[in-house]
$ cat run.cif   # mmCIF, C-alpha atoms
data_work
loop_
_atom_site.group_PDB
_atom_site.id
_atom_site.type_symbol
_atom_site.label_atom_id
_atom_site.label_comp_id
_atom_site.auth_asym_id
_atom_site.auth_seq_id
_atom_site.Cartn_x
_atom_site.Cartn_y
_atom_site.Cartn_z
ATOM 1 C CA MET A 1 0.000 0.000 0.000
ATOM 2 C CA ALA A 2 2.719 2.437 0.966
ATOM 3 C CA SER A 3 4.728 1.502 -2.122
ATOM 4 C CA LEU A 4 1.670 2.049 -4.322
ATOM 5 C CA LEU A 5 1.292 5.560 -2.889
ATOM 6 C CA ALA A 6 4.994 6.164 -3.522
ATOM 7 C CA LEU A 7 4.617 4.979 -7.119
ATOM 8 C CA ILE A 8 1.666 7.318 -7.673
ATOM 9 C CA GLY A 9 3.732 10.137 -6.170
ATOM 10 C CA GLY A 10 6.638 9.421 -8.502
ATOM 11 C CA VAL A 11 4.410 9.351 -11.583
ATOM 12 C CA LEU A 12 2.741 12.652 -10.550
ATOM 13 C CA LEU A 13 6.186 14.162 -10.012
ATOM 14 C CA VAL A 14 7.352 13.172 -13.502
ATOM 15 C CA ALA A 15 4.089 14.406 -15.080
ATOM 16 C CA GLY A 16 4.466 17.764 -13.317
ATOM 17 C CA ALA A 17 8.083 18.080 -14.417
ATOM 18 C CA ALA A 18 7.041 17.256 -17.997
ATOM 19 C CA PHE A 19 4.497 20.100 -17.888
ATOM 20 C CA LEU A 20 7.210 22.437 -16.564
ATOM 21 C CA LEU A 21 9.423 21.402 -19.486
ATOM 22 C CA LEU A 22 6.592 22.044 -21.974
ATOM 23 C CA GLY A 23 6.059 25.478 -20.422
ATOM 24 C CA GLY A 24 9.729 26.309 -20.834
ATOM 25 C CA LEU A 25 9.647 25.031 -24.410
ATOM 26 C CA GLY A 26 6.613 27.203 -25.158
ATOM 27 C CA LEU A 27 8.448 30.188 -23.701
ATOM 28 C CA VAL A 28 11.241 29.659 -26.215
ATOM 29 C CA ARG A 29 9.132 28.722 -29.233
ATOM 30 C CA MET A 30 6.183 31.133 -29.104
ATOM 31 C CA PRO A 31 6.349 34.170 -31.412
ATOM 32 C CA ASP A 32 5.299 37.144 -29.233
ATOM 33 C CA VAL A 33 4.789 38.378 -25.672
ATOM 34 C CA PHE A 34 1.132 37.379 -25.285
ATOM 35 C CA ASN A 35 1.651 33.843 -26.581
ATOM 36 C CA ARG A 36 4.588 33.472 -24.223
ATOM 37 C CA ILE A 37 2.490 34.573 -21.244
ATOM 38 C CA GLN A 38 -0.105 31.966 -22.214
ATOM 39 C CA ALA A 39 2.406 29.138 -22.655
ATOM 40 C CA GLY A 40 4.570 30.040 -19.694
ATOM 41 C CA THR A 41 2.012 30.619 -16.981
ATOM 42 C CA LYS A 42 -0.658 27.983 -17.591
ATOM 43 C CA ALA A 43 1.680 25.065 -18.186
ATOM 44 C CA THR A 44 3.931 25.888 -15.251
ATOM 45 C CA THR A 45 0.983 26.352 -12.874
ATOM 46 C CA LEU A 46 -0.278 22.847 -13.643
ATOM 47 C CA GLY A 47 3.255 21.464 -13.553
ATOM 48 C CA THR A 48 3.998 22.937 -10.135
ATOM 49 C CA LEU A 49 0.691 21.757 -8.670
ATOM 50 C CA LEU A 50 1.242 18.211 -9.975
ATOM 51 C CA SER A 51 4.794 18.171 -8.638
ATOM 52 C CA LEU A 52 3.657 19.361 -5.212
ATOM 53 C CA ALA A 53 0.923 16.688 -5.187
ATOM 54 C CA GLY A 54 3.537 14.076 -6.062
ATOM 55 C CA ILE A 55 5.787 15.200 -3.210
ATOM 56 C CA ALA A 56 2.779 15.102 -0.861
ATOM 57 C CA CYS A 57 2.205 11.462 -1.872
ATOM 58 C CA LEU A 58 5.861 10.623 -1.231
ATOM 59 C CA GLN A 59 6.029 12.462 2.126
ATOM 60 C CA PRO A 60 2.468 12.502 3.582
ATOM 61 C CA ALA A 61 3.670 14.382 6.684
ATOM 62 C CA TRP A 62 4.395 17.480 4.584
ATOM 63 C CA ALA A 63 0.975 17.535 2.918
ATOM 64 C CA LEU A 64 -0.330 20.581 4.812
ATOM 65 C CA LYS A 65 2.623 22.817 4.000
ATOM 66 C CA LEU A 66 2.619 21.658 0.377
ATOM 67 C CA LEU A 67 -1.098 22.406 0.174
ATOM 68 C CA LEU A 68 -0.358 25.924 1.447
ATOM 69 C CA ILE A 69 2.298 26.457 -1.240
ATOM 70 C CA GLY A 70 -0.068 25.056 -3.890
ATOM 71 C CA LEU A 71 -2.929 27.319 -2.832
ATOM 72 C CA PHE A 72 -0.621 30.295 -2.855
ATOM 73 C CA ILE A 73 0.560 29.505 -6.381
ATOM 74 C CA LEU A 74 -3.046 28.974 -7.465
ATOM 75 C CA PHE A 75 -3.938 32.459 -6.194
ATOM 76 C CA THR A 76 -0.897 34.444 -7.306
ATOM 77 C CA ASN A 77 -0.029 32.934 -10.677
ATOM 78 C CA PRO A 78 -3.124 33.992 -12.657
ATOM 79 C CA LEU A 79 -2.893 37.400 -11.007
ATOM 80 C CA SER A 80 0.702 37.986 -12.054
ATOM 81 C CA SER A 81 0.089 36.758 -15.594
ATOM 82 C CA HIS A 82 -2.930 39.051 -15.904
ATOM 83 C CA VAL A 83 -0.986 42.054 -14.638
ATOM 84 C CA LEU A 84 1.849 41.230 -17.037
ATOM 85 C CA ALA A 85 -0.513 40.914 -19.992
ATOM 86 C CA ARG A 86 -2.161 44.237 -19.154
ATOM 87 C CA ALA A 87 1.200 45.956 -18.784
ATOM 88 C CA ALA A 88 2.404 44.469 -22.082
ATOM 89 C CA HIS A 89 -0.736 45.602 -23.919
ATOM 90 C CA ARG A 90 -0.635 49.108 -22.484
ATOM 91 C CA SER A 91 3.041 49.527 -23.273
ATOM 92 C CA ASN A 92 2.280 48.485 -26.882
ATOM 93 C CA ALA A 93 4.333 45.300 -26.919
ATOM 94 C CA ALA A 94 5.158 44.085 -30.421
ATOM 95 C CA LYS A 95 2.645 41.570 -31.775
ATOM 96 C CA SER A 96 3.600 38.816 -34.154
ATOM 97 C CA PRO A 97 2.147 39.027 -37.695
ATOM 98 C CA LEU A 98 0.265 35.806 -36.915
ATOM 99 C CA THR A 99 -1.738 37.545 -34.176
ATOM 100 C CA ALA A 100 -4.752 38.619 -36.211
ATOM 101 C CA VAL A 101 -7.387 39.729 -33.685
ATOM 102 C CA ASP A 102 -6.993 42.369 -30.943
ATOM 103 C CA ARG A 103 -10.452 43.197 -29.596
ATOM 104 C CA LEU A 104 -9.131 45.460 -26.820
ATOM 105 C CA ALA A 105 -7.321 47.747 -29.266
ATOM 106 C CA GLU A 106 -10.432 47.801 -31.505
ATOM 107 C CA ASP A 107 -12.538 48.844 -28.507
ATOM 108 C CA ARG A 108 -10.098 51.605 -27.605
ATOM 109 C CA ARG A 109 -10.150 52.999 -31.141
ATOM 110 C CA GLY A 110 -13.937 52.821 -31.147
ATOM 111 C CA GLU A 111 -14.115 54.928 -27.972
ATOM 112 C CA GLN A 112 -11.835 57.598 -29.373
ATOM 113 C CA ALA A 113 -13.739 57.918 -32.656
ATOM 114 C CA MET B 114 11.978 2.647 -9.142
ATOM 115 C CA VAL B 115 10.548 5.633 -7.298
ATOM 116 C CA GLU B 116 14.085 6.956 -6.793
ATOM 117 C CA LEU B 117 14.573 6.826 -10.564
ATOM 118 C CA LEU B 118 11.307 8.717 -11.153
ATOM 119 C CA ILE B 119 12.383 11.436 -8.730
ATOM 120 C CA TYR B 120 15.717 11.902 -10.509
ATOM 121 C CA LEU B 121 13.933 11.943 -13.887
ATOM 122 C CA ALA B 122 11.607 14.675 -12.605
ATOM 123 C CA ALA B 123 14.606 16.655 -11.324
ATOM 124 C CA THR B 124 16.281 16.372 -14.737
ATOM 125 C CA LEU B 125 13.158 17.555 -16.578
ATOM 126 C CA THR B 126 12.811 20.477 -14.150
ATOM 127 C CA GLY B 127 16.423 21.432 -14.793
ATOM 128 C CA LEU B 128 15.858 21.384 -18.557
ATOM 129 C CA ALA B 129 12.771 23.583 -18.146
ATOM 130 C CA PHE B 130 14.876 25.990 -16.079
ATOM 131 C CA LEU B 131 17.504 26.166 -18.849
ATOM 132 C CA LEU B 132 14.846 26.861 -21.526
ATOM 133 C CA ALA B 133 13.307 29.676 -19.468
ATOM 134 C CA LEU B 134 16.803 31.027 -18.746
ATOM 135 C CA PHE B 135 17.465 31.145 -22.492
ATOM 136 C CA ARG B 136 14.371 33.325 -22.973
ATOM 137 C CA PHE B 137 15.378 35.467 -19.983
ATOM 138 C CA LEU B 138 18.820 36.170 -21.445
ATOM 139 C CA LYS B 139 17.737 36.595 -25.074
ATOM 140 C CA GLY B 140 14.855 39.001 -24.532
ATOM 141 C CA PRO B 141 14.039 40.636 -26.934
ATOM 142 C CA SER B 142 11.785 43.036 -24.968
ATOM 143 C CA THR B 143 11.567 43.801 -21.256
ATOM 144 C CA ALA B 144 8.129 42.165 -21.053
ATOM 145 C CA ASP B 145 9.619 38.915 -22.375
ATOM 146 C CA ARG B 146 12.270 39.008 -19.681
ATOM 147 C CA VAL B 147 9.704 39.630 -16.947
ATOM 148 C CA ILE B 148 7.604 36.670 -18.143
ATOM 149 C CA ALA B 149 10.705 34.485 -18.227
ATOM 150 C CA PHE B 150 11.556 35.680 -14.704
ATOM 151 C CA ASP B 151 8.062 34.767 -13.512
ATOM 152 C CA VAL B 152 8.384 31.276 -14.997
ATOM 153 C CA LEU B 153 11.883 30.913 -13.541
ATOM 154 C CA THR B 154 10.594 31.644 -10.042
ATOM 155 C CA ILE B 155 7.779 29.087 -10.414
ATOM 156 C CA ILE B 156 10.254 26.463 -11.603
ATOM 157 C CA GLY B 157 12.518 27.492 -8.737
ATOM 158 C CA ILE B 158 9.751 26.821 -6.198
ATOM 159 C CA THR B 159 9.326 23.307 -7.614
ATOM 160 C CA ALA B 160 13.087 22.811 -7.565
ATOM 161 C CA ILE B 161 13.274 23.823 -3.883
ATOM 162 C CA ALA B 162 10.447 21.401 -3.015
ATOM 163 C CA LEU B 163 12.261 18.633 -4.942
ATOM 164 C CA LEU B 164 15.451 19.440 -3.040
ATOM 165 C CA ALA B 165 13.544 19.157 0.237
ATOM 166 C CA LEU B 166 12.307 15.725 -0.893
ATOM 167 C CA LEU B 167 15.769 14.519 -1.927
ATOM 168 C CA GLU B 168 17.430 15.800 1.248
ATOM 169 C CA GLY B 169 14.535 14.687 3.437
ATOM 170 C CA ARG B 170 14.365 18.050 5.200
ATOM 171 C CA GLY B 171 10.900 19.577 5.586
ATOM 172 C CA ILE B 172 12.308 22.922 6.694
ATOM 173 C CA TYR B 173 13.234 23.729 3.067
ATOM 174 C CA LEU B 174 9.527 23.988 2.248
ATOM 175 C CA ASP B 175 9.406 27.188 4.310
ATOM 176 C CA VAL B 176 12.039 28.613 1.982
ATOM 177 C CA ALA B 177 9.841 27.715 -1.003
ATOM 178 C CA LEU B 178 6.832 29.406 0.607
ATOM 179 C CA VAL B 179 8.671 32.652 1.349
ATOM 180 C CA TYR B 180 10.232 32.618 -2.125
ATOM 181 C CA ALA B 181 6.799 32.258 -3.734
ATOM 182 C CA LEU B 182 5.520 35.228 -1.722
ATOM 183 C CA LEU B 183 8.431 37.574 -2.448
ATOM 184 C CA SER B 184 8.909 36.741 -6.124
ATOM 185 C CA PHE B 185 5.201 37.333 -6.767
ATOM 186 C CA LEU B 186 5.502 40.835 -5.299
ATOM 187 C CA GLY B 187 8.582 41.474 -7.447
ATOM 188 C CA VAL B 188 6.762 40.546 -10.654
ATOM 189 C CA ILE B 189 3.800 42.780 -9.748
ATOM 190 C CA VAL B 190 6.092 45.755 -9.073
ATOM 191 C CA ILE B 191 7.970 45.330 -12.380
ATOM 192 C CA ALA B 192 4.679 45.035 -14.284
ATOM 193 C CA ARG B 193 3.376 48.271 -12.715
ATOM 194 C CA TYR B 194 6.636 49.959 -13.675
ATOM 195 C CA LEU B 195 6.257 48.786 -17.285
ATOM 196 C CA GLU B 196 2.717 50.072 -17.385
ATOM 197 C CA ARG B 197 3.159 53.693 -16.328
ATOM 198 C CA GLY B 198 6.336 54.182 -14.322
ATOM 199 C CA LEU B 199 6.601 53.902 -10.543
#

$ encode --input "run.cif" --output "C-alpha coordinates"
Amino acid sequence: MASLLALIGGVLLVAGAAFLLLGGLGLVRMPDVFNRIQAGTKATTLGTLLSLAGIACLQPAWALKLLLIGLFILFTNPLSSHVLARAAHRSNAAKSPLTAVDRLAEDRRGEQA
Amino acid sequence: MVELLIYLAATLTGLAFLLALFRFLKGPSTADRVIAFDVLTIIGITAIALLALLEGRGIYLDVALVYALLSFLGVIVIARYLERGL
(Lines of atoms letter the chains of each structure in order from A and count residues from 1; the text may use other names and numbers.)
(Lines give C-alpha, C1' and ligand atoms only; values in the text may rest on other atoms or scores of the structure.)
Protein backbone atom coordinates (compact mmCIF):
# COMPACT_ATOMS: atom_id res chain seq x y z
CA MET A 1 0.00 0.00 0.00
CA ALA A 2 2.72 2.44 0.97
CA SER A 3 4.73 1.50 -2.12
CA LEU A 4 1.67 2.05 -4.32
CA LEU A 5 1.29 5.56 -2.89
CA ALA A 6 4.99 6.16 -3.52
CA LEU A 7 4.62 4.98 -7.12
CA ILE A 8 1.67 7.32 -7.67
CA GLY A 9 3.73 10.14 -6.17
CA GLY A 10 6.64 9.42 -8.50
CA VAL A 11 4.41 9.35 -11.58
CA LEU A 12 2.74 12.65 -10.55
CA LEU A 13 6.19 14.16 -10.01
CA VAL A 14 7.35 13.17 -13.50
CA ALA A 15 4.09 14.41 -15.08
CA GLY A 16 4.47 17.76 -13.32
CA ALA A 17 8.08 18.08 -14.42
CA ALA A 18 7.04 17.26 -18.00
CA PHE A 19 4.50 20.10 -17.89
CA LEU A 20 7.21 22.44 -16.56
CA LEU A 21 9.42 21.40 -19.49
CA LEU A 22 6.59 22.04 -21.97
CA GLY A 23 6.06 25.48 -20.42
CA GLY A 24 9.73 26.31 -20.83
CA LEU A 25 9.65 25.03 -24.41
CA GLY A 26 6.61 27.20 -25.16
CA LEU A 27 8.45 30.19 -23.70
CA VAL A 28 11.24 29.66 -26.21
CA ARG A 29 9.13 28.72 -29.23
CA MET A 30 6.18 31.13 -29.10
CA PRO A 31 6.35 34.17 -31.41
CA ASP A 32 5.30 37.14 -29.23
CA VAL A 33 4.79 38.38 -25.67
CA PHE A 34 1.13 37.38 -25.28
CA ASN A 35 1.65 33.84 -26.58
CA ARG A 36 4.59 33.47 -24.22
CA ILE A 37 2.49 34.57 -21.24
CA GLN A 38 -0.10 31.97 -22.21
CA ALA A 39 2.41 29.14 -22.65
CA GLY A 40 4.57 30.04 -19.69
CA THR A 41 2.01 30.62 -16.98
CA LYS A 42 -0.66 27.98 -17.59
CA ALA A 43 1.68 25.07 -18.19
CA THR A 44 3.93 25.89 -15.25
CA THR A 45 0.98 26.35 -12.87
CA LEU A 46 -0.28 22.85 -13.64
CA GLY A 47 3.26 21.46 -13.55
CA THR A 48 4.00 22.94 -10.14
CA LEU A 49 0.69 21.76 -8.67
CA LEU A 50 1.24 18.21 -9.98
CA SER A 51 4.79 18.17 -8.64
CA LEU A 52 3.66 19.36 -5.21
CA ALA A 53 0.92 16.69 -5.19
CA GLY A 54 3.54 14.08 -6.06
CA ILE A 55 5.79 15.20 -3.21
CA ALA A 56 2.78 15.10 -0.86
CA CYS A 57 2.21 11.46 -1.87
CA LEU A 58 5.86 10.62 -1.23
CA GLN A 59 6.03 12.46 2.13
CA PRO A 60 2.47 12.50 3.58
CA ALA A 61 3.67 14.38 6.68
CA TRP A 62 4.40 17.48 4.58
CA ALA A 63 0.98 17.53 2.92
CA LEU A 64 -0.33 20.58 4.81
CA LYS A 65 2.62 22.82 4.00
CA LEU A 66 2.62 21.66 0.38
CA LEU A 67 -1.10 22.41 0.17
CA LEU A 68 -0.36 25.92 1.45
CA ILE A 69 2.30 26.46 -1.24
CA GLY A 70 -0.07 25.06 -3.89
CA LEU A 71 -2.93 27.32 -2.83
CA PHE A 72 -0.62 30.30 -2.86
CA ILE A 73 0.56 29.51 -6.38
CA LEU A 74 -3.05 28.97 -7.47
CA PHE A 75 -3.94 32.46 -6.19
CA THR A 76 -0.90 34.44 -7.31
CA ASN A 77 -0.03 32.93 -10.68
CA PRO A 78 -3.12 33.99 -12.66
CA LEU A 79 -2.89 37.40 -11.01
CA SER A 80 0.70 37.99 -12.05
CA SER A 81 0.09 36.76 -15.59
CA HIS A 82 -2.93 39.05 -15.90
CA VAL A 83 -0.99 42.05 -14.64
CA LEU A 84 1.85 41.23 -17.04
CA ALA A 85 -0.51 40.91 -19.99
CA ARG A 86 -2.16 44.24 -19.15
CA ALA A 87 1.20 45.96 -18.78
CA ALA A 88 2.40 44.47 -22.08
CA HIS A 89 -0.74 45.60 -23.92
CA ARG A 90 -0.63 49.11 -22.48
CA SER A 91 3.04 49.53 -23.27
CA ASN A 92 2.28 48.49 -26.88
CA ALA A 93 4.33 45.30 -26.92
CA ALA A 94 5.16 44.08 -30.42
CA LYS A 95 2.65 41.57 -31.78
CA SER A 96 3.60 38.82 -34.15
CA PRO A 97 2.15 39.03 -37.70
CA LEU A 98 0.26 35.81 -36.91
CA THR A 99 -1.74 37.55 -34.18
CA ALA A 100 -4.75 38.62 -36.21
CA VAL A 101 -7.39 39.73 -33.69
CA ASP A 102 -6.99 42.37 -30.94
CA ARG A 103 -10.45 43.20 -29.60
CA LEU A 104 -9.13 45.46 -26.82
CA ALA A 105 -7.32 47.75 -29.27
CA GLU A 106 -10.43 47.80 -31.50
CA ASP A 107 -12.54 48.84 -28.51
CA ARG A 108 -10.10 51.60 -27.60
CA ARG A 109 -10.15 53.00 -31.14
CA GLY A 110 -13.94 52.82 -31.15
CA GLU A 111 -14.12 54.93 -27.97
CA GLN A 112 -11.83 57.60 -29.37
CA ALA A 113 -13.74 57.92 -32.66
CA MET B 1 11.98 2.65 -9.14
CA VAL B 2 10.55 5.63 -7.30
CA GLU B 3 14.09 6.96 -6.79
CA LEU B 4 14.57 6.83 -10.56
CA LEU B 5 11.31 8.72 -11.15
CA ILE B 6 12.38 11.44 -8.73
CA TYR B 7 15.72 11.90 -10.51
CA LEU B 8 13.93 11.94 -13.89
CA ALA B 9 11.61 14.68 -12.60
CA ALA B 10 14.61 16.65 -11.32
CA THR B 11 16.28 16.37 -14.74
CA LEU B 12 13.16 17.56 -16.58
CA THR B 13 12.81 20.48 -14.15
CA GLY B 14 16.42 21.43 -14.79
CA LEU B 15 15.86 21.38 -18.56
CA ALA B 16 12.77 23.58 -18.15
CA PHE B 17 14.88 25.99 -16.08
CA LEU B 18 17.50 26.17 -18.85
CA LEU B 19 14.85 26.86 -21.53
CA ALA B 20 13.31 29.68 -19.47
CA LEU B 21 16.80 31.03 -18.75
CA PHE B 22 17.47 31.14 -22.49
CA ARG B 23 14.37 33.32 -22.97
CA PHE B 24 15.38 35.47 -19.98
CA LEU B 25 18.82 36.17 -21.45
CA LYS B 26 17.74 36.60 -25.07
CA GLY B 27 14.86 39.00 -24.53
CA PRO B 28 14.04 40.64 -26.93
CA SER B 29 11.79 43.04 -24.97
CA THR B 30 11.57 43.80 -21.26
CA ALA B 31 8.13 42.17 -21.05
CA ASP B 32 9.62 38.91 -22.37
CA ARG B 33 12.27 39.01 -19.68
CA VAL B 34 9.70 39.63 -16.95
CA ILE B 35 7.60 36.67 -18.14
CA ALA B 36 10.71 34.49 -18.23
CA PHE B 37 11.56 35.68 -14.70
CA ASP B 38 8.06 34.77 -13.51
CA VAL B 39 8.38 31.28 -15.00
CA LEU B 40 11.88 30.91 -13.54
CA THR B 41 10.59 31.64 -10.04
CA ILE B 42 7.78 29.09 -10.41
CA ILE B 43 10.25 26.46 -11.60
CA GLY B 44 12.52 27.49 -8.74
CA ILE B 45 9.75 26.82 -6.20
CA THR B 46 9.33 23.31 -7.61
CA ALA B 47 13.09 22.81 -7.57
CA ILE B 48 13.27 23.82 -3.88
CA ALA B 49 10.45 21.40 -3.02
CA LEU B 50 12.26 18.63 -4.94
CA LEU B 51 15.45 19.44 -3.04
CA ALA B 52 13.54 19.16 0.24
CA LEU B 53 12.31 15.72 -0.89
CA LEU B 54 15.77 14.52 -1.93
CA GLU B 55 17.43 15.80 1.25
CA GLY B 56 14.54 14.69 3.44
CA ARG B 57 14.37 18.05 5.20
CA GLY B 58 10.90 19.58 5.59
CA ILE B 59 12.31 22.92 6.69
CA TYR B 60 13.23 23.73 3.07
CA LEU B 61 9.53 23.99 2.25
CA ASP B 62 9.41 27.19 4.31
CA VAL B 63 12.04 28.61 1.98
CA ALA B 64 9.84 27.71 -1.00
CA LEU B 65 6.83 29.41 0.61
CA VAL B 66 8.67 32.65 1.35
CA TYR B 67 10.23 32.62 -2.13
CA ALA B 68 6.80 32.26 -3.73
CA LEU B 69 5.52 35.23 -1.72
CA LEU B 70 8.43 37.57 -2.45
CA SER B 71 8.91 36.74 -6.12
CA PHE B 72 5.20 37.33 -6.77
CA LEU B 73 5.50 40.84 -5.30
CA GLY B 74 8.58 41.47 -7.45
CA VAL B 75 6.76 40.55 -10.65
CA ILE B 76 3.80 42.78 -9.75
CA VAL B 77 6.09 45.76 -9.07
CA ILE B 78 7.97 45.33 -12.38
CA ALA B 79 4.68 45.03 -14.28
CA ARG B 80 3.38 48.27 -12.71
CA TYR B 81 6.64 49.96 -13.67
CA LEU B 82 6.26 48.79 -17.29
CA GLU B 83 2.72 50.07 -17.39
CA ARG B 84 3.16 53.69 -16.33
CA GLY B 85 6.34 54.18 -14.32
CA LEU B 86 6.60 53.90 -10.54

$ closest_atom_pairs --input "run.cif" --of "chain B" --to "chain A" --cutoff "9 Å" --atoms "only C-alpha atoms" --output "tab-separated table"
residue	atom	partner	partner_atom	distance
B:Met114	CA	A:Leu7	CA	8.0
B:Val115	CA	A:Gly10	CA	5.6
B:Glu116	CA	A:Gly10	CA	8.0
B:Leu117	CA	A:Gly10	CA	8.6
B:Leu118	CA	A:Gly10	CA	5.4
B:Ile119	CA	A:Gly10	CA	6.1
B:Tyr120	CA	A:Val14	CA	9.0
B:Leu121	CA	A:Val14	CA	6.7
B:Ala122	CA	A:Val14	CA	4.6
B:Ala123	CA	A:Ala17	CA	7.4
B:Thr124	CA	A:Ala17	CA	8.4
B:Leu125	CA	A:Ala17	CA	5.5
B:Thr126	CA	A:Ala17	CA	5.3
B:Gly127	CA	A:Leu21	CA	8.4
B:Leu128	CA	A:Leu21	CA	6.5
B:Ala129	CA	A:Leu21	CA	4.2
B:Phe130	CA	A:Gly24	CA	7.0
B:Leu131	CA	A:Gly24	CA	8.0
B:Leu132	CA	A:Gly24	CA	5.2
B:Ala133	CA	A:Gly24	CA	5.1
B:Leu134	CA	A:Gly24	CA	8.8
B:Phe135	CA	A:Val28	CA	7.4
B:Arg136	CA	A:Val28	CA	5.8
B:Ser142	CA	A:Ala93	CA	8.0
B:Ala144	CA	A:Ala88	CA	6.3
B:Asp145	CA	A:Val33	CA	5.9
B:Val147	CA	A:Leu84	CA	8.0
B:Ile148	CA	A:Ile37	CA	6.3
B:Ala149	CA	A:Leu27	CA	7.3
B:Asp151	CA	A:Thr41	CA	8.1
B:Val152	CA	A:Gly40	CA	6.2
B:Leu153	CA	A:Gly24	CA	8.9
B:Ile155	CA	A:Thr44	CA	7.0
B:Ile156	CA	A:Leu20	CA	7.1
B:Ile158	CA	A:Thr48	CA	8.0
B:Thr159	CA	A:Thr48	CA	5.9
B:Ala162	CA	A:Leu52	CA	7.4
B:Leu163	CA	A:Ile55	CA	7.5
B:Leu166	CA	A:Ile55	CA	6.9
B:Gly169	CA	A:Gln59	CA	8.9
B:Gly171	CA	A:Trp62	CA	6.9
B:Leu174	CA	A:Lys65	CA	7.2
B:Asp175	CA	A:Lys65	CA	8.1
B:Ala177	CA	A:Ile69	CA	7.7
B:Leu178	CA	A:Ile69	CA	5.7
B:Ala181	CA	A:Ile73	CA	7.3
B:Leu182	CA	A:Phe72	CA	8.0
B:Phe185	CA	A:Thr76	CA	6.8
B:Leu186	CA	A:Ser80	CA	8.8
B:Val188	CA	A:Ser80	CA	6.7
B:Ile189	CA	A:Ser80	CA	6.2
B:Ile191	CA	A:Leu84	CA	8.7
B:Ala192	CA	A:Leu84	CA	5.5
B:Arg193	CA	A:Ala87	CA	6.9
B:Tyr194	CA	A:Ala87	CA	8.5
B:Leu195	CA	A:Ala87	CA	6.0
B:Glu196	CA	A:Ala87	CA	4.6
B:Arg197	CA	A:Ser91	CA	8.1

$ atom_distance --input "run.cif" --atom1 "atom CA of Asp102 of chain A" --atom2 "atom CA of Met30 of chain A"
17.4 Å

$ atom_distance --input "run.cif" --atom1 "atom CA of Ala53 of chain A" --atom2 "atom CA of Leu67 of chain A"
8.1 Å

$ axis_aligned_box --input "run.cif" --around "segment 162-172 of chain B" --padding-each-side "6 Å" --output "lines of an AutoDock Vina configuration file"
center_x = 13.9
center_y = 18.7
center_z = 0.9
size_x = 19.0
size_y = 20.4
size_z = 23.6

$ atom_distance --input "run.cif" --atom1 "atom CA of Arg170 of chain B" --atom2 "atom CA of Leu4 of chain A"
22.5 Å
